[in-house]
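A quick write-up on the structure given underneath.
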Amino acid sequence: HDVLLRSDMRVWMAPRHPLSHHDSLSLAELADEPLIAITREELEAVSEAVWRTQPHHRRPAYRSASVEAIRGLVGTNAGLAILPDLLYRPWSLDGDRILAKRT
């Protein structure tokens, strides 16, 4: 097989989130934050694998198969999402701004 594309994972958050002033974030800094998870098979498996490496395995506060729903939740500051940069767009359909930070 050939790799056609690579996309780094980013933490999506609302600009008014208390961690928004950081350029990058560690998983430990996200430990107490409500997380929004995507329920698409491949992406869900990647996210689960990342959290299994941490001392306290996280369960998402919200889950959705819709990237647009996740953007909407992040934009309203309901929680953070960790998703590929390829899916990132700096606004939700409701017009709320979204930031993407390195992990």
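Residue names in the structure tokens use chain letters A, B, ... in the order shown, residue numbers from 1 in each chain, and ligand numbers from 1 in the order shown.
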
Please, which residues in region 14-34 of chain A fall within 10 Å of region 90-100 of chain A when counting only C-alpha atoms, and what is the closest atom pair and distance in Å to one decimal for each, ordered by chain then residue number, as a tab-separated table?
```
residue	atom	partner	partner_atom	distance
A:Ala14	CA	A:Ile98	CA	4.9
A:Pro15	CA	A:Leu99	CA	6.2
A:Arg16	CA	A:Arg97	CA	9.4
A:His17	CA	A:Leu99	CA	9.6
A:Ser20	CA	A:Leu99	CA	7.6
A:Asp23	CA	A:Ala100	CA	9.1
A:Ser24	CA	A:Ala100	CA	9.1
```

Show me, as a ChimeraX atom specification, the residues that have an atom within 9 Å of region 37-45 of chain A when counting only C-alpha atoms, minus same-chain residues fewer than 3 positions from it. /A:48-50,59-67,70,80-84

Output file for the selection above: N, CA, C and O atoms, as a short mmCIF file (atom, residue, chain, number, x, y, z; two decimals), in the first residue's frame:
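Here's the written file again_34.cif:
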```
data_model
loop_
_atom_site.label_atom_id
_atom_site.label_comp_id
_atom_site.auth_asym_id
_atom_site.auth_seq_id
_atom_site.Cartn_x
_atom_site.Cartn_y
_atom_site.Cartn_z
N GLU A 48 -9.55 6.07 20.87
CA GLU A 48 -9.52 5.11 21.99
C GLU A 48 -8.09 4.65 22.28
O GLU A 48 -7.68 4.54 23.43
N ALA A 49 -7.32 4.40 21.23
CA ALA A 49 -5.93 3.95 21.40
C ALA A 49 -5.09 5.02 22.08
O ALA A 49 -4.26 4.72 22.95
N VAL A 50 -5.30 6.27 21.72
CA VAL A 50 -4.57 7.38 22.34
C VAL A 50 -4.88 7.45 23.83
O VAL A 50 -3.99 7.52 24.67
N ARG A 59 -13.68 8.55 29.10
CA ARG A 59 -14.91 8.27 28.37
C ARG A 59 -15.47 9.61 27.92
O ARG A 59 -15.48 10.57 28.69
N PRO A 60 -15.91 9.69 26.67
CA PRO A 60 -16.41 10.97 26.18
C PRO A 60 -17.69 11.43 26.88
O PRO A 60 -18.51 10.61 27.28
N ALA A 61 -17.83 12.74 27.00
CA ALA A 61 -19.06 13.33 27.54
C ALA A 61 -20.16 13.31 26.48
O ALA A 61 -21.33 13.17 26.81
N TYR A 62 -19.76 13.45 25.21
CA TYR A 62 -20.69 13.45 24.08
C TYR A 62 -20.09 12.59 22.98
O TYR A 62 -18.88 12.53 22.83
N ARG A 63 -20.94 11.99 22.18
CA ARG A 63 -20.51 11.18 21.03
C ARG A 63 -21.42 11.50 19.85
O ARG A 63 -22.62 11.67 20.03
N SER A 64 -20.82 11.57 18.66
CA SER A 64 -21.62 11.82 17.47
C SER A 64 -20.89 11.26 16.25
O SER A 64 -19.66 11.28 16.20
N ALA A 65 -21.65 10.81 15.28
CA ALA A 65 -21.09 10.39 13.99
C ALA A 65 -20.93 11.59 13.06
O ALA A 65 -20.30 11.49 12.02
N SER A 66 -21.49 12.72 13.44
CA SER A 66 -21.50 13.91 12.58
C SER A 66 -20.39 14.89 12.97
O SER A 66 -20.37 15.41 14.08
N VAL A 67 -19.51 15.16 12.02
CA VAL A 67 -18.46 16.16 12.25
C VAL A 67 -19.09 17.53 12.46
O VAL A 67 -18.64 18.32 13.29
N ILE A 70 -20.24 17.83 15.99
CA ILE A 70 -19.07 18.02 16.87
C ILE A 70 -18.58 19.46 16.78
O ILE A 70 -18.30 20.09 17.80
N LEU A 80 -14.25 19.63 24.30
CA LEU A 80 -13.13 19.60 23.35
C LEU A 80 -13.22 18.34 22.51
O LEU A 80 -13.74 17.33 22.96
N ALA A 81 -12.68 18.40 21.32
CA ALA A 81 -12.61 17.22 20.45
C ALA A 81 -11.18 17.07 19.97
O ALA A 81 -10.47 18.05 19.78
N ILE A 82 -10.76 15.83 19.79
CA ILE A 82 -9.46 15.55 19.21
C ILE A 82 -9.73 14.84 17.89
O ILE A 82 -10.20 13.71 17.86
N LEU A 83 -9.44 15.56 16.80
CA LEU A 83 -9.76 15.06 15.46
C LEU A 83 -8.64 15.42 14.49
O LEU A 83 -7.84 16.32 14.75
N PRO A 84 -8.60 14.74 13.34
CA PRO A 84 -7.56 15.04 12.35
C PRO A 84 -7.68 16.46 11.81
O PRO A 84 -8.77 16.99 11.61
#
```

Give me, as an mmCIF file with C-alpha atoms, in the first residue's frame, the residues of chain A that a backbone DSSP run labels alpha helix (DSSP H).
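To be explicit, this is the file written out as states_18.cif:
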```
data_model
loop_
_atom_site.group_PDB
_atom_site.id
_atom_site.type_symbol
_atom_site.label_atom_id
_atom_site.label_comp_id
_atom_site.auth_asym_id
_atom_site.auth_seq_id
_atom_site.Cartn_x
_atom_site.Cartn_y
_atom_site.Cartn_z
ATOM 1 C CA GLU A 41 -15.047 3.469 13.128
ATOM 2 C CA GLU A 42 -11.486 4.374 12.164
ATOM 3 C CA LEU A 43 -11.396 7.692 14.008
ATOM 4 C CA GLU A 44 -13.004 6.236 17.113
ATOM 5 C CA ALA A 45 -10.384 3.467 17.199
ATOM 6 C CA VAL A 46 -7.523 5.986 16.929
ATOM 7 C CA SER A 47 -8.970 8.112 19.722
ATOM 8 C CA GLU A 48 -9.519 5.107 21.994
ATOM 9 C CA ALA A 49 -5.932 3.954 21.400
ATOM 10 C CA VAL A 50 -4.567 7.377 22.343
ATOM 11 C CA TRP A 51 -6.543 7.535 25.599
ATOM 12 C CA ARG A 52 -5.596 3.951 26.543
ATOM 13 C CA VAL A 67 -18.461 16.165 12.246
ATOM 14 C CA GLU A 68 -20.860 19.108 11.931
ATOM 15 C CA ALA A 69 -22.512 18.221 15.251
ATOM 16 C CA ILE A 70 -19.073 18.020 16.868
ATOM 17 C CA ARG A 71 -18.129 21.415 15.425
ATOM 18 C CA GLY A 72 -21.366 22.827 16.845
ATOM 19 C CA LEU A 73 -20.706 21.405 20.333
ATOM 20 C CA VAL A 74 -17.093 22.602 20.313
ATOM 21 C CA GLY A 75 -18.126 26.041 19.051
#
```

Please identify the strand (DSSP E or B) residues within region 58-93 of chain A (assignment by DSSP from backbone atoms) and present them as a list in words.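 Everything in region 58-93 of chain A that counts as strand (DSSP E or B) is Tyr62, Arg63, Ser64, Leu80, Ala81, Ile82, Leu83, Pro84 and Trp91 of chain A.
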
Please compute the CA of Met9 (chain A)-CA of Leu86 (chain A) distance, one decimal, in Å. 8.6 Å

Please measure the separation of CA of Leu25 (chain A) and CA of Arg102 (chain A), giving the value in Å to one decimal.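 If I compute the distance from CA of Leu25 (chain A) to CA of Arg102 (chain A), I get 6.2 Å.
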
Between CA of Thr53 (chain A) and CA of Asp32 (chain A), what is the distance in Å, rounded to a tenth?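 Going from CA of Thr53 (chain A) over to CA of Asp32 (chain A), I get 15.9 Å.
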
Using only C-alpha atoms, the residue out of A:Thr76, A:Leu87, A:Arg6, A:Val11 with shortest distance to Ser26 (chain A) is A:Val11

Nearest residue to Leu27 (chain A) out of A:Lys101, A:Asp85, A:Ala78, A:Gln54, using only C-alpha atoms?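 Ranked by minimum distance to Leu27 (chain A), first place goes to A:Gln54.
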
7 Å contact set for Gly79 (chain A), only C-alpha atoms, chain neighbours under 6 positions out, as a JSON list (two decimals) with all heavy atoms, in the first residue's frame:
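Saved file selection.json follows:
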```json
[["chain", "number", "residue", "atom", "x", "y", "z"],
["A", 33, "GLU", "N", -11.24, 17.71, 31.14],
["A", 33, "GLU", "CA", -12.11, 18.43, 30.21],
["A", 33, "GLU", "C", -13.17, 17.49, 29.64],
["A", 33, "GLU", "O", -12.90, 16.33, 29.38],
["A", 33, "GLU", "CB", -11.29, 19.01, 29.06],
["A", 33, "GLU", "CG", -10.27, 20.03, 29.49],
["A", 33, "GLU", "CD", -10.88, 21.28, 30.09],
["A", 33, "GLU", "OE1", -11.99, 21.67, 29.65],
["A", 33, "GLU", "OE2", -10.27, 21.86, 30.98],
["A", 34, "PRO", "N", -14.39, 18.00, 29.41],
["A", 34, "PRO", "CA", -15.39, 17.18, 28.73],
["A", 34, "PRO", "C", -14.97, 16.98, 27.27],
["A", 34, "PRO", "O", -14.64, 17.94, 26.58],
["A", 34, "PRO", "CB", -16.68, 18.00, 28.82],
["A", 34, "PRO", "CG", -16.26, 19.37, 29.18],
["A", 34, "PRO", "CD", -14.90, 19.30, 29.79],
["A", 35, "LEU", "N", -14.94, 15.73, 26.85],
["A", 35, "LEU", "CA", -14.50, 15.42, 25.49],
["A", 35, "LEU", "C", -15.69, 15.04, 24.62],
["A", 35, "LEU", "O", -16.65, 14.43, 25.07],
["A", 35, "LEU", "CB", -13.51, 14.26, 25.52],
["A", 35, "LEU", "CG", -12.21, 14.55, 26.24],
["A", 35, "LEU", "CD1", -11.36, 13.29, 26.32],
["A", 35, "LEU", "CD2", -11.44, 15.65, 25.56],
["A", 36, "ILE", "N", -15.57, 15.40, 23.36],
["A", 36, "ILE", "CA", -16.58, 15.07, 22.36],
["A", 36, "ILE", "C", -15.92, 14.11, 21.38],
["A", 36, "ILE", "O", -14.91, 14.45, 20.78],
["A", 36, "ILE", "CB", -17.08, 16.33, 21.64],
["A", 36, "ILE", "CG1", -17.59, 17.35, 22.67],
["A", 36, "ILE", "CG2", -18.15, 15.99, 20.63],
["A", 36, "ILE", "CD1", -17.73, 18.75, 22.13],
["A", 73, "LEU", "N", -20.93, 21.56, 18.89],
["A", 73, "LEU", "CA", -20.71, 21.41, 20.33],
["A", 73, "LEU", "C", -19.42, 22.10, 20.77],
["A", 73, "LEU", "O", -19.39, 22.80, 21.78],
["A", 73, "LEU", "CB", -20.66, 19.93, 20.70],
["A", 73, "LEU", "CG", -22.00, 19.20, 20.68],
["A", 73, "LEU", "CD1", -21.79, 17.68, 20.71],
["A", 73, "LEU", "CD2", -22.86, 19.65, 21.85]]
```
